[in-house]
Structure formats: C-alpha cells, structure tokens
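Q: What follows is the file coords-v1.csv, containing CSV, C-alpha atoms:
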chain,number,residue,atom,x,y,z
M,1212,MET,CA,208.9,81.1,28.4
M,1213,ASP,CA,206.1,78.6,28.1
M,1214,GLU,CA,206.4,74.8,28.2
M,1215,PHE,CA,207.2,74.8,24.5
M,1216,GLY,CA,210.0,77.3,24.8
M,1217,ASN,CA,208.1,80.2,23.3
M,1218,SER,CA,209.0,83.5,24.7
M,1219,GLU,CA,206.2,85.8,25.9
M,1220,ALA,CA,206.9,88.1,23.0
M,1221,GLU,CA,206.3,85.3,20.5
M,1222,LEU,CA,203.2,84.1,22.4
M,1223,LEU,CA,201.9,87.7,22.4
M,1224,SER,CA,202.6,88.0,18.7
M,1225,LEU,CA,200.7,84.7,18.0
M,1226,ALA,CA,197.8,85.7,20.2
M,1227,GLN,CA,197.5,89.0,18.4
M,1228,GLY,CA,197.1,87.0,15.2
M,1229,GLY,CA,194.1,85.2,16.8
M,1230,ASN,CA,195.9,82.1,18.2
M,1231,LEU,CA,193.8,81.2,21.3
M,1232,ASP,CA,196.3,78.6,22.5
M,1233,ALA,CA,199.0,81.2,22.6
M,1234,PHE,CA,196.7,83.5,24.5
M,1235,GLU,CA,196.1,80.7,27.0
M,1236,GLU,CA,199.8,80.2,27.4
M,1237,ILE,CA,200.1,83.9,28.3
M,1238,VAL,CA,197.4,83.4,30.9
M,1239,LYS,CA,199.2,80.4,32.4
M,1240,LEU,CA,202.4,82.5,32.7
M,1241,HIS,CA,200.7,85.2,34.7
M,1242,GLU,CA,197.7,83.7,36.4
M,1243,ARG,CA,199.2,82.9,39.8
M,1244,ARG,CA,200.8,86.4,40.2
M,1245,ILE,CA,197.7,88.1,39.1
M,1246,PHE,CA,195.4,86.1,41.3
M,1247,ALA,CA,197.8,86.6,44.3
M,1248,LEU,CA,197.9,90.4,43.6
M,1249,ALA,CA,194.1,90.5,43.3
M,1250,LEU,CA,193.8,88.5,46.6
M,1251,ARG,CA,196.1,91.0,48.4
M,1252,LEU,CA,194.1,93.9,47.0
M,1253,THR,CA,190.6,92.6,47.6
M,1254,GLY,CA,191.1,90.3,50.6
M,1255,LYS,CA,188.7,87.7,49.4
M,1256,SER,CA,189.3,84.7,47.2
M,1257,GLU,CA,186.0,84.9,45.3
M,1258,ASP,CA,186.6,88.5,44.5
M,1259,ALA,CA,190.2,87.8,43.5
M,1260,GLN,CA,189.1,85.1,41.1
M,1261,ASP,CA,186.5,87.4,39.5
M,1262,ALA,CA,189.1,90.1,39.2
M,1263,ALA,CA,191.7,87.9,37.7
M,1264,GLN,CA,189.2,86.5,35.2
M,1265,GLU,CA,188.2,90.1,34.2
M,1266,VAL,CA,191.9,91.1,33.9
M,1267,PHE,CA,192.6,88.3,31.4
M,1268,VAL,CA,189.4,89.0,29.4
M,1269,ARG,CA,190.5,92.6,29.2
M,1270,LEU,CA,193.9,91.4,28.1
M,1271,PHE,CA,192.3,89.5,25.2
M,1272,ARG,CA,190.2,92.5,24.2
M,1273,ASN,CA,193.2,94.7,24.2
M,1274,LEU,CA,195.8,92.3,22.7
M,1275,ARG,CA,196.5,94.4,19.7
M,1276,GLN,CA,197.2,97.5,21.8
M,1277,ILE,CA,200.0,95.8,23.7
M,1278,ASP,CA,203.5,96.2,22.4
M,1279,ALA,CA,204.8,92.7,21.6
M,1280,GLY,CA,208.3,93.8,22.4
M,1281,ARG,CA,207.4,94.5,26.0
M,1282,SER,CA,206.4,92.2,28.9
M,1283,VAL,CA,202.6,91.9,29.5
M,1284,GLY,CA,203.3,92.1,33.3
M,1285,PRO,CA,203.2,95.8,33.9
M,1286,TRP,CA,200.0,96.1,31.8
M,1287,LEU,CA,198.4,93.3,33.8
M,1288,TYR,CA,199.4,94.8,37.2
M,1289,SER,CA,197.9,98.2,36.2
M,1290,VAL,CA,194.7,96.6,35.0
M,1291,THR,CA,194.5,94.4,38.1
M,1292,VAL,CA,194.7,97.4,40.4
M,1293,ASN,CA,192.0,99.1,38.4
M,1294,VAL,CA,189.7,96.1,38.3
M,1295,CYS,CA,190.2,95.5,42.1
M,1296,ARG,CA,189.5,99.2,42.8
M,1297,ASP,CA,186.3,99.0,40.8
M,1298,LEU,CA,185.3,95.8,42.5
M,1299,GLU,CA,185.9,97.4,45.9
M,1300,ARG,CA,183.7,100.3,45.0
M,1301,VAL,CA,180.9,98.0,44.1
M,1302,ARG,CA,181.4,96.1,47.4
M,1303,GLN,CA,181.4,99.3,49.4
M,1304,ARG,CA,178.2,100.4,47.8
M,1305,SER,CA,176.6,97.1,48.7
M,1306,ARG,CA,178.2,97.3,52.2
M,1307,LEU,CA,180.0,94.0,51.8
M,1308,ILE,CA,183.2,94.6,53.8
M,1309,PRO,CA,185.5,91.7,53.5
M,1310,MET,CA,186.4,90.1,56.8
M,1311,GLY,CA,189.1,87.5,57.2
M,1312,GLU,CA,187.9,84.4,55.6
M,1313,LYS,CA,189.1,80.9,56.4
M,1314,LEU,CA,192.5,80.4,55.1
M,1315,THR,CA,193.9,77.4,53.3
M,1316,ALA,CA,196.8,75.9,55.2
M,1317,PHE,CA,200.4,76.2,53.9
M,1318,SER,CA,201.3,72.8,52.5
M,1319,ASP,CA,204.4,72.4,54.6
M,1320,PRO,CA,204.3,68.9,56.2
M,1321,ALA,CA,207.2,69.7,58.5
M,1322,GLN,CA,205.3,72.6,60.1
M,1323,THR,CA,204.0,72.0,63.6
M,1324,PRO,CA,200.3,72.6,64.3
M,1325,GLU,CA,201.2,75.6,66.4
M,1326,GLY,CA,203.4,77.0,63.7
M,1327,LEU,CA,200.7,76.4,61.2
M,1328,TYR,CA,198.2,78.2,63.3
M,1329,ALA,CA,200.5,81.1,63.9
M,1330,ASP,CA,201.1,81.5,60.1
M,1331,GLN,CA,197.4,81.4,59.4
M,1332,GLN,CA,196.7,83.9,62.1
M,1333,ARG,CA,199.3,86.2,60.9
M,1334,GLU,CA,198.1,85.9,57.3
M,1335,GLN,CA,194.6,86.7,58.4
M,1336,TRP,CA,195.7,89.8,60.3
M,1337,LEU,CA,197.8,90.9,57.4
M,1338,ARG,CA,194.9,90.5,55.0
M,1339,SER,CA,192.4,92.4,57.2
M,1340,CYS,CA,195.0,95.2,58.0
M,1341,LEU,CA,195.8,95.6,54.3
M,1342,GLN,CA,192.1,96.2,53.6
M,1343,GLU,CA,192.2,99.1,56.1
M,1344,LEU,CA,194.9,100.9,54.2
M,1345,PRO,CA,193.9,103.6,51.7
M,1346,GLU,CA,193.4,102.1,48.3
M,1347,LYS,CA,196.4,103.7,46.6
M,1348,GLU,CA,198.8,103.0,49.4
M,1349,ARG,CA,197.6,99.3,49.5
M,1350,ALA,CA,198.2,99.0,45.7
M,1351,ALA,CA,201.6,100.6,45.9
M,1352,LEU,CA,202.8,98.5,48.8
M,1353,THR,CA,201.5,95.3,47.4
M,1354,LEU,CA,203.0,95.8,43.9
M,1355,ARG,CA,206.3,96.7,45.6
M,1356,GLU,CA,206.4,93.7,47.9
M,1357,LEU,CA,204.4,90.9,46.3
M,1358,GLU,CA,205.5,91.6,42.7
M,1359,GLY,CA,208.9,92.9,43.7
M,1360,LEU,CA,208.7,95.9,41.5
M,1361,SER,CA,211.0,98.9,42.1
M,1362,THR,CA,209.4,102.2,43.1
M,1363,GLN,CA,209.9,103.4,39.6
M,1364,GLU,CA,208.1,100.4,38.1
M,1365,VAL,CA,205.3,100.8,40.6
M,1366,ALA,CA,205.0,104.4,39.6
M,1367,ARG,CA,204.8,103.5,36.0
M,1368,ALA,CA,202.2,100.8,36.6
M,1369,LEU,CA,200.0,103.1,38.6
M,1370,GLY,CA,200.6,106.2,36.5
M,1371,SER,CA,201.9,108.2,39.4
M,1372,ALA,CA,205.0,110.2,40.1
M,1373,GLU,CA,207.9,108.3,41.6
M,1374,GLY,CA,208.0,110.6,44.7
M,1375,THR,CA,204.3,110.1,45.3
M,1376,ILE,CA,204.7,106.3,45.2
M,1377,ARG,CA,207.7,106.4,47.5
M,1378,ALA,CA,205.7,108.4,50.0
M,1379,GLN,CA,202.7,106.1,49.7
M,1380,ILE,CA,204.7,103.0,50.3
M,1381,CYS,CA,206.4,104.6,53.3
M,1382,SER,CA,203.1,105.7,54.8
M,1383,ALA,CA,201.5,102.3,54.0
M,1384,ARG,CA,204.3,100.4,55.9
M,1385,ILE,CA,203.9,102.5,59.0
M,1386,LYS,CA,200.1,102.3,59.0
M,1387,LEU,CA,200.2,98.6,58.4
M,1388,ARG,CA,202.7,98.1,61.3
M,1389,LYS,CA,200.4,100.0,63.7
M,1390,LEU,CA,197.3,98.1,62.6
M,1391,MET,CA,199.2,94.8,62.9
M,1392,ALA,CA,200.4,95.7,66.4
M,1393,GLU,CA,196.8,96.5,67.4
M,1394,ARG,CA,195.6,93.1,66.1
M,1395,MET,CA,198.4,91.2,67.7
M,1396,GLY,CA,197.8,93.0,71.1
M,1397,GLY,CA,201.3,94.5,71.2
M,1398,LYS,CA,203.1,91.3,70.1
M,1399,SER,CA,205.3,91.9,67.1
V,1171,MET,CA,214.9,113.6,67.0
V,1172,ASN,CA,212.5,111.2,68.8
V,1173,CYS,CA,211.6,107.7,67.8
V,1174,ARG,CA,208.4,108.8,66.1
V,1175,GLU,CA,210.4,111.1,63.8
V,1176,TRP,CA,212.7,108.1,62.9
V,1177,GLU,CA,209.8,106.0,61.8
V,1178,GLU,CA,209.5,107.4,58.3
V,1179,ARG,CA,213.3,107.1,57.7
V,1180,ILE,CA,213.2,103.5,58.9
V,1181,ALA,CA,210.3,102.7,56.7
V,1182,LEU,CA,212.1,104.2,53.7
V,1183,TYR,CA,215.2,102.2,54.7
V,1184,VAL,CA,213.2,99.0,54.6
V,1185,SER,CA,212.0,99.9,51.1
V,1186,ASP,CA,215.5,100.7,50.0
V,1187,ASP,CA,214.1,104.2,49.2
V,1188,LEU,CA,216.2,106.1,51.7
V,1189,PRO,CA,218.8,108.5,50.2
V,1190,ALA,CA,222.3,107.1,50.4
V,1191,ALA,CA,223.4,110.0,52.5
V,1192,GLU,CA,220.9,109.1,55.3
V,1193,ILE,CA,221.5,105.4,55.5
V,1194,SER,CA,224.4,105.5,57.9
V,1195,ALA,CA,222.5,107.8,60.3
V,1196,VAL,CA,219.6,105.3,60.4
V,1197,GLN,CA,221.9,102.3,60.9
V,1198,GLU,CA,223.6,104.2,63.7
V,1199,HIS,CA,220.3,105.0,65.4
V,1200,LEU,CA,219.1,101.4,65.1
V,1201,GLY,CA,222.2,100.3,66.9
V,1202,SER,CA,221.4,102.5,69.9
V,1203,CYS,CA,217.6,102.5,70.1
V,1204,PRO,CA,215.8,99.3,71.1
V,1205,ASN,CA,212.4,100.7,70.3
V,1206,CYS,CA,213.4,101.6,66.8
V,1207,THR,CA,215.1,98.3,66.3
V,1208,ALA,CA,211.9,96.5,67.4
V,1209,PHE,CA,210.0,98.7,64.9
V,1210,PHE,CA,212.5,97.9,62.2
V,1211,ASN,CA,212.3,94.2,62.8
V,1212,ALA,CA,208.5,94.3,62.8
V,1213,LEU,CA,208.5,96.1,59.5
V,1214,GLN,CA,210.8,93.5,58.0
V,1215,GLN,CA,208.4,90.8,59.3
V,1216,ASP,CA,205.5,92.5,57.6
V,1217,GLN,CA,207.6,92.7,54.5
V,1218,ARG,CA,208.2,89.0,54.5
V,1219,GLY,CA,204.5,88.3,55.0
V,1220,LEU,CA,203.7,90.6,52.0
V,1221,ARG,CA,206.2,88.9,49.8
V,1222,PHE,CA,204.6,85.6,50.2
V,1223,ALA,CA,201.7,84.9,48.0
V,1224,PRO,CA,198.5,84.2,50.0
V,1225,PRO,CA,198.0,80.5,50.5
V,1226,GLU,CA,195.0,80.2,48.2
V,1227,ALA,CA,197.3,81.2,45.3
V,1228,ALA,CA,198.9,77.8,45.6
V,1229,THR,CA,195.7,75.8,45.7
V,1230,LEU,CA,193.4,77.6,43.3
V,1231,ASP,CA,192.0,75.6,40.4
V,1232,TYR,CA,193.6,77.7,37.6
V,1233,ALA,CA,192.3,75.3,34.9
V,1234,ALA,CA,188.8,76.1,36.0
V,1235,MET,CA,189.5,79.8,35.9
V,1236,ARG,CA,191.0,79.5,32.4
V,1237,GLY,CA,187.9,77.6,31.4
V,1238,ARG,CA,185.7,80.5,32.6
V,1239,ILE,CA,187.9,83.0,30.7
V,1240,ARG,CA,187.7,80.8,27.5
V,1241,HIS,CA,183.9,80.7,27.9
V,1242,GLN,CA,183.6,84.4,28.4
V,1243,ILE,CA,185.8,85.2,25.4
V,1244,ALA,CA,183.9,82.7,23.2
V,1245,GLY,CA,180.7,84.4,24.2
V,1246,GLU,CA,182.1,87.8,23.3
V,1247,GLN,CA,183.4,86.5,19.9
V,1248,ARG,CA,180.0,85.1,19.1
V,1249,ARG,CA,178.4,88.4,19.9
V,1250,ARG,CA,180.9,90.2,17.8
V,1251,LYS,CA,180.2,87.9,14.8
V,1252,LEU,CA,176.4,88.4,15.3
V,1253,LEU,CA,176.8,92.2,15.4
V,1254,PRO,CA,176.7,92.9,11.6
V,1255,ALA,CA,173.6,90.6,11.3
V,1256,LEU,CA,171.9,92.4,14.2
V,1257,ALA,CA,172.8,95.8,12.8
V,1258,LEU,CA,171.3,94.8,9.4
V,1259,ALA,CA,168.1,93.4,11.1
V,1260,ALA,CA,167.8,96.7,13.1
V,1261,ALA,CA,168.2,98.7,9.9
V,1262,VAL,CA,165.5,96.7,8.2
V,1263,LEU,CA,163.2,97.1,11.2
V,1264,VAL,CA,163.7,100.8,11.2
V,1265,ALA,CA,163.0,100.9,7.4
V,1266,VAL,CA,159.8,99.0,7.9
V,1267,VAL,CA,158.7,101.2,10.7
V,1268,ILE,CA,159.4,104.4,8.6
V,1269,TRP,CA,157.6,102.9,5.6
V,1270,SER,CA,154.5,101.8,7.6
V,1271,THR,CA,154.3,105.3,9.3
V,1272,HIS,CA,154.5,106.9,5.9
V,1273,ARG,CA,151.7,104.7,4.6
V,1274,LYS,CA,149.5,105.7,7.5
V,1275,GLU,CA,149.6,109.3,6.3
V,1276,ALA,CA,147.4,108.3,3.3
V,1277,PRO,CA,143.6,108.1,4.0
V,1278,ALA,CA,142.3,104.6,4.3
V,1279,LEU,CA,139.9,103.5,1.6
V,1280,VAL,CA,136.8,102.1,3.1
V,1281,VAL,CA,134.2,100.2,1.0
V,1282,THR,CA,131.2,99.0,2.9
V,1283,LYS,CA,130.1,95.5,2.1
V,1284,PRO,CA,126.5,94.8,1.1
V,1285,VAL,CA,124.2,93.5,3.8
V,1286,PRO,CA,122.9,90.2,2.7
V,1287,ALA,CA,119.1,89.8,3.0
V,1288,ALA,CA,118.6,87.3,0.3
V,1289,PRO,CA,119.2,83.5,0.5
V,1290,SER,CA,122.8,82.4,0.4
V,1291,VAL,CA,122.5,81.3,-3.2
V,1292,ALA,CA,121.4,84.4,-5.0
V,1293,PRO,CA,121.1,84.8,-8.8
V,1294,LYS,CA,123.9,86.5,-10.6
V,1295,GLN,CA,123.5,90.2,-10.3
V,1296,PRO,CA,125.2,92.8,-12.4
V,1297,VAL,CA,127.6,95.2,-10.7
V,1298,GLN,CA,125.6,98.0,-9.2
V,1299,ALA,CA,127.0,101.4,-8.5
V,1300,THR,CA,124.7,103.7,-6.6
V,1301,VAL,CA,126.7,106.2,-4.7
V,1302,LEU,CA,130.3,106.7,-5.5
V,1303,PRO,CA,132.1,107.9,-2.5
V,1304,THR,CA,134.9,110.3,-3.2
V,1305,VAL,CA,138.2,109.9,-1.5
V,1306,GLN,CA,140.7,112.7,-1.5
V,1307,PRO,CA,144.1,111.7,-3.0
V,1308,PRO,CA,147.2,112.0,-0.9
V,1309,PRO,CA,148.9,115.4,-1.1
V,1310,ILE,CA,151.2,115.9,-4.0
V,1311,ARG,CA,154.8,115.2,-3.4
V,1312,ARG,CA,156.8,117.3,-5.7
V,1313,HIS,CA,160.2,116.1,-6.8
V,1314,HIS,CA,163.1,118.4,-6.8
V,1315,GLY,CA,163.2,120.5,-10.0
V,1316,VAL,CA,159.4,120.5,-10.5
V,1317,PRO,CA,158.2,124.1,-10.0
V,1318,ALA,CA,155.3,124.6,-7.6
V,1319,SER,CA,153.5,126.8,-10.1
V,1320,GLN,CA,152.9,123.9,-12.5
V,1321,PRO,CA,149.6,124.5,-14.5
V,1322,VAL,CA,146.6,122.6,-13.1
V,1323,PRO,CA,144.9,120.5,-15.8
V,1324,GLN,CA,141.3,121.5,-16.7
V,1325,PRO,CA,138.5,119.0,-16.9
V,1326,ASN,CA,137.5,117.8,-20.4
V,1327,PRO,CA,133.7,118.1,-20.8
V,1328,LYS,CA,133.7,115.3,-23.4
V,1329,LEU,CA,135.5,112.9,-21.1
V,1330,GLU,CA,133.0,113.8,-18.2
V,1331,ALA,CA,130.1,113.0,-20.5
V,1332,MET,CA,131.6,109.6,-21.5
V,1333,LEU,CA,132.1,108.8,-17.8
V,1334,ARG,CA,128.5,109.6,-16.9
V,1335,GLU,CA,127.3,107.5,-19.8
V,1336,PHE,CA,129.4,104.6,-18.7
V,1337,ILE,CA,128.1,104.7,-15.1
V,1338,ALA,CA,124.5,105.0,-16.4
V,1339,SER,CA,125.0,101.9,-18.5
V,1340,GLU,CA,126.1,100.0,-15.5
V,1341,LYS,CA,123.0,101.0,-13.5
V,1342,LYS,CA,120.7,98.3,-15.0
V,1343,PRO,CA,117.8,97.1,-12.8
V,1344,ALA,CA,118.5,93.9,-10.9
V,1345,PRO,CA,116.5,90.9,-12.0
V,1346,LYS,CA,115.2,90.4,-8.4
V,1347,PRO,CA,114.8,93.2,-5.9
V,1348,GLY,CA,117.8,93.1,-3.6
V,1349,PRO,CA,119.2,95.3,-0.9
V,1350,ALA,CA,120.6,98.6,-1.8
V,1351,SER,CA,124.3,98.1,-1.8
V,1352,GLN,CA,127.3,100.4,-2.1
V,1353,VAL,CA,129.6,98.5,-4.3
V,1354,GLY,CA,131.7,101.1,-6.1
V,1355,MET,CA,133.9,103.9,-5.2
V,1356,ARG,CA,135.1,106.9,-7.3
V,1357,ILE,CA,138.7,108.0,-6.6
V,1358,PRO,CA,139.5,111.3,-8.3
V,1359,SER,CA,143.0,112.1,-9.1
V,1360,ARG,CA,144.7,115.4,-9.4
V,1361,ASP,CA,144.0,115.4,-13.0
V,1362,PRO,CA,140.2,115.8,-13.4
V,1363,ASN,CA,140.4,113.9,-16.6
V,1364,VAL,CA,141.7,110.8,-14.8
V,1365,VAL,CA,139.1,109.1,-12.6
V,1366,MET,CA,139.5,105.7,-11.0
V,1367,ILE,CA,136.4,103.7,-10.2
V,1368,VAL,CA,136.6,100.7,-8.0
V,1369,PHE,CA,133.8,98.1,-8.2
V,1370,GLN,CA,133.2,95.3,-5.9
V,1371,PRO,CA,131.1,92.6,-7.6
V,1372,THR,CA,128.4,90.9,-5.6
V,1373,GLU,CA,128.1,87.9,-7.9
V,1374,GLY,CA,125.7,85.6,-6.1
V,1375,THR,CA,127.5,85.4,-2.9
V,1376,ASN,CA,126.9,86.9,0.5
V,1377,GLN,CA,130.5,88.1,0.7
Write out the structure in this file as structure tokens.
A:
Amino acid sequence: MDEFGNSEAELLSLAQGGNLDAFEEIVKLHERRIFALALRLTGKSEDAQDAAQEVFVRLFRNLRQIDAGRSVGPWLYSVTVNVCRDLERVRQRSRLIPMGEKLTAFSDPAQTPEGLYADQQREQWLRSCLQELPEKERAALTLRELEGLSTQEVARALGSAEGTIRAQICSARIKLRKLMAERMGGKS
Amino acid sequence: MNCREWEERIALYVSDDLPAAEISAVQEHLGSCPNCTAFFNALQQDQRGLRFAPPEAATLDYAAMRGRIRHQIAGEQRRRKLLPALALAAAVLVAVVIWSTHRKEAPALVVTKPVPAAPSVAPKQPVQATVLPTVQPPPIRRHHGVPASQPVPQPNPKLEAMLREFIASEKKPAPKPGPASQVGMRIPSRDPNVVMIVFQPTEGTNQ
C-alpha cells in the first residue's frame, strides 16, 4: 500500500496505463529493499545506487509485461541479481575489486562507541566476505536472509531448481563462516 | 561422524532446510558437542548480520535516486517520440543518396564558355554554332512489357535536310571579328528524327 491507500496491484495497473506518479509510488515501495539487496551483492554503495537505478528503469520499460495481479517484488529481485552480476563482470574486467568502504554509523544513540565500532567492523567483514563467495551462492544467501524469501521463492527468483538453491545456501553459509572466522582472527 | 561432517546439516538446520527426520539428531549432537554448538551460534550471528540491511540503506537520498530515474526515463521517452521522425529523415536521406547515385550514371553535359578577348561591352552578336558536340544519351531503360526487339526508327532524310538548313541559317557572319566560340551542342536522341540542340547565347557579355 502506498500513502494514498492504493495497493501495489492498483499502482501497477495505473503505471501500465502511463501514470508516472503511480510508477514512482511503486519505486518508493521497493527502493530500500532493492538498494539494500544491491549493496549486499555489489559491496559498494555507488554500485548499488547505479544498480537500483537500472533496475527501476528496466521496471518502467517492462511494465506491460508484468502481471498486475502479482507482486513486483520477485521480478525486481531477479532483475537486481542480474544487474549486479553484469555490474560485477564489468568491474572485474576493469580490475576494480570492491574493498570495504567507510560505513555509515547505525543511528542508535544508546550505542556505546565500542559497540558502534564493533558493529561497523562486523559489517565491514561481512561485506568483504560476501564478495568472496561465488556469485550464485551470494545471490541465493542474500535473497534468503535479507529479503526473507523461502528457498522455493529464491529458486523461482533465480530460475534454478529448489534443490540447487538449498545446496547453494548451505554452501554459502559454511564458506561465509570460515571467511568471517579468518577475518576475525578466530573470534566468533 | 566428525564435526566437519555435521557442518552441512547444521547449516541446513539454520536455514530451516533440514528434513524433519534429521532435526532431532542435529539438536542432540549440538547438545553434546561444544565445537558444533560454537559453529551453530556463529552461523546464527552471521544470519542476524545478513538480515539487517546495510547501514547506508537507512541514509541514502532516495529522492535524489528517484530524480535520476525520472530523468533517465524522460530521456528514453523523448528518444522514443523522436524515433519516427528520425526514421523518416533516414529514409529521405537514403532516397536522396540513391537518386543522386542514379543521376551520376548519366554522362555530364559540358559546354565550354567562350573566352572573352573583346572589351567587356561588346556589340550584340548572333548566336553562333560552329561545332556541335554530340553527347550520347543514357542507356534505354525499358519498362516491363516492352519487348527488347522493338523496331529502331529510321532517319528521315527530309528532316535531316531541314535541320542542316536551320543550322546554316544561324551561321551568319559576326559584325565584328570575335573569338571562335563553341556555344551550341547537339544532343541526339534514340530516334534519329529527334535532335536537341542547346545554344548558349553570348549577347554582349563576357559570361
């Protein structure tokens, strides 16, 4: 629902008829999740912004192909994974390997400076370790955890078999844990 | 089964992807193995970290991002509206290129200008035709349905005589001696009875 009480299906129907305000409302409904997903997949804020922008432009181009009776979410997740994968290939070709960038602090005023630092450090490790995972495993694990999709939904979004996705998520968890343990120097 | 072999089951257990029949076995092992319990706790910690959106997601200027999206979409829409006009322009350009190429196939008609030797204000001179260059007409383009063995027209001697008489009548002496000039051109057609003569008058100018 947007701020005017329109459901996503209504907004999609309006947007398909050429209503740009309705399209922008759809963007507002999904922009945070798509940016967060892109950030987890790319590891860089600038890349994630580019990716999110591209995802919504593609949504506009393909509005008529989307079933108004279904949520736009799965389509957006699938396109985000593809856009980030393309972006990563371009980055790899230009040898720009994303390293942990300076993180913005959590806006929790009650947090102690030590706690804040620990959170930032952990986030930085998590981000850099995620980038070391195989592309498909990273996408599957991120969709599963960040977007809270079931294994079946992840499989549908990525166009893979459910068993394959289950194996990829399992493998990603174990690899991520080992990478994190290396970063943290044995602390866990 | 050692701890390494339990890792996969524990990871599946964290994902809620472990078959129901194996859940109790994993829970039992976790209760008795401190290493696997530490591994399980660490996996859960990673899971919590992954479930949180990265901090930038809370602080990004989404309005600016929407503005960029709007701008890009507006640009695409403009281009889409221009597309028919561009296609038409391209079609016209192609047509002009084809037409000009086709024209170049015909021989160019060259008429030399008289070389002025007299003063700039010369008396009016009659049109003088000395040598009539002959230019070959372009090849015949036969339309569909016209047989290639169409009879070729024969020259009419009477018309030829009339033409010679006309040219001779135009060859009057100039009032003042002037430079020899080539001011006319004979263009025969396919039909020998049709002759086109182009005269360029040199009426008192240097042009």
Q: Kindly determine which residues of chain V lie within 10 Å of chain M, considering only C-alpha atoms, and give the answer as a PyMOL selection string.
A: chain V and resi 1177-1188+1208-1233+1235-1240+1242-1243+1246
Q: Mind giving me the straight-line distance from atom CA of Lys1386 of chain M to atom CA of Asn1205 of chain V in Å, one decimal?
A: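 Atom CA of Asn1205 of chain V lies at a distance of 16.8 Å from atom CA of Lys1386 of chain M.
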Q: Report the distance between atom CA of Leu1252 of chain M and atom CA of Met1395 of chain M in Å, rounded to one decimal place.
A: 21.3 Å
Q: Using atom CA of Ile1193 of chain V and atom CA of Lys1347 of chain M as the two end points, give the distance in Å to one decimal.
A: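 Result for atom CA of Ile1193 of chain V versus atom CA of Lys1347 of chain M: 26.7 Å, one decimal.
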Q: Find, counting all atoms listed in the file, the residue in M:Leu1390, M:Val1365, M:Ala1262, M:Cys1295 that gets nearest to Ser1339 of chain M.
A: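 Selected residue with least distance to Ser1339 of chain M: M:Leu1390.
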